[in-house]
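Asker: If you scroll down you'll find the structure; I have some questions about it.
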Amino acid sequence: MATVTLRGNAVDVAGALPVKGDKAPAFSLTNGDLADVGLAAFAGKKKILNIFPSIDTPTCASSVRKFNEKAASRDGVAVLCISADLPFAQKRFCGAEGIAGVANLSTFRNPAFAEAWA
């Protein structure tokens, strides 16, 4: 179990936070074309994983906008936006917000992703 801070209060969360240099566990998630992809699809690039519960919540939407504004324009970097939303919802949000240069991936076919990455 790990502890994070929320509004100045310590909160216990499931799992352990990754340590710099740890190898990321393999995964298979669904992209916007409904194809299953994993980390190998982004070989040769540094990967930033932006993992959030749902794009259709105000907090997540706000953080995704800000995060992608800062990260999506970096050369040699793949920004992977991962949520439980269906690929269609991810595409709708990014289109409406003008977010480009990120890879949207859905856990809807692989709910075990949350456990492996907790």
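Every chain in the structure tokens takes a letter, A first, then B, and so on in the order presented; its residues are numbered from 1, and the ligands are numbered from 1 following the presented order.
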Residues at most 12 Å from Arg109 of chain A, counting only C-alpha atoms, excluding those fewer than 5 positions away in the same chain, as number ranges by chain?

Answerer: A: 27-31, 34-37, 83-87, 114

Asker: With C-alpha atoms retained, export the selected residues as a tab-separated table (two decimals), in the first residue's frame.

Answerer:
```tsv
chain	number	residue	atom	x	y	z
A	27	PHE	CA	-0.20	-4.69	-21.17
A	28	SER	CA	-2.65	-4.95	-24.03
A	29	LEU	CA	-5.13	-2.08	-24.36
A	30	THR	CA	-7.56	-0.99	-27.08
A	31	ASN	CA	-6.75	1.98	-29.31
A	34	LEU	CA	-10.30	-0.97	-31.77
A	35	ALA	CA	-6.97	-2.77	-32.18
A	36	ASP	CA	-5.15	-4.18	-29.18
A	37	VAL	CA	-1.75	-2.57	-28.60
A	83	SER	CA	-8.73	5.27	-19.12
A	84	ALA	CA	-11.69	2.93	-18.79
A	85	ASP	CA	-13.63	5.03	-21.32
A	86	LEU	CA	-14.58	3.49	-24.65
A	87	PRO	CA	-12.31	4.58	-27.52
A	114	ALA	CA	-5.79	-1.59	-13.06
```

Asker: List every residue of chain A that DSSP, applied to the backbone, labels as strand (DSSP E or B), and write the result as an MDAnalysis selection string.

Answerer: chainID A and resid 2:6 9:13 29:30 36:37 46:51 77:83 102:106

Asker: Need to verify the contact set: Ala61 of chain A, 10 Å, only C-alpha atoms, exclusion of same-chain residues closer than 4 positions in sequence. Can you return it as a list of chain:residue names?

Answerer: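 My list of contacting residues is A:Phe52, A:Ser54, A:Ile55, A:Asp56, A:Thr57, A:Arg65, A:Lys66, A:Phe67, A:Phe93, A:Cys94, A:Glu97.
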
Asker: Between segment 32-89 of chain A and segment 6-25 of chain A, at 12 Å or less, what are the per-residue closest atom pairs and their distances in Å? Count only C-alpha atoms, order by chain and rising residue number, and return it as JSON lines.

Answerer:
```
{"residue": "A:Gly38", "atom": "CA", "partner": "A:Pro25", "partner_atom": "CA", "distance": 10.0}
{"residue": "A:Leu39", "atom": "CA", "partner": "A:Ala24", "partner_atom": "CA", "distance": 8.7}
{"residue": "A:Ala40", "atom": "CA", "partner": "A:Ala24", "partner_atom": "CA", "distance": 11.4}
{"residue": "A:Lys46", "atom": "CA", "partner": "A:Ala24", "partner_atom": "CA", "distance": 12.0}
{"residue": "A:Lys47", "atom": "CA", "partner": "A:Ala24", "partner_atom": "CA", "distance": 10.0}
{"residue": "A:Ile48", "atom": "CA", "partner": "A:Ala24", "partner_atom": "CA", "distance": 11.0}
{"residue": "A:Leu49", "atom": "CA", "partner": "A:Ala24", "partner_atom": "CA", "distance": 10.2}
```

Asker: Please indicate the distance in Å from atom CA of Ser106 of chain A to atom CA of Lys91 of chain A, rounded to one decimal place.

Answerer: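 Going from atom CA of Ser106 of chain A over to atom CA of Lys91 of chain A, I get 10.8 Å.
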
Asker: Find the residues near Phe42 of chain A: any atom within 12 Å, counting only C-alpha atoms, skip ones fewer than 6 places away on the same chain, and give them as a ChimeraX atom specification.

Answerer: /A:48-49,76-80,102-103

Asker: May I have all residues of chain A that DSSP, computed from the backbone, assigns to alpha helix (DSSP H), given as a VMD selection string?

Answerer: chain A and resid 58 to 71 87 to 97 113 to 116

Asker: Take atom CA of Ala26 of chain A and atom CA of Ala116 of chain A and report the distance between them in Å, one decimal.

Answerer: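 Pair atom CA of Ala26 of chain A / atom CA of Ala116 of chain A returns 8.8 Å.
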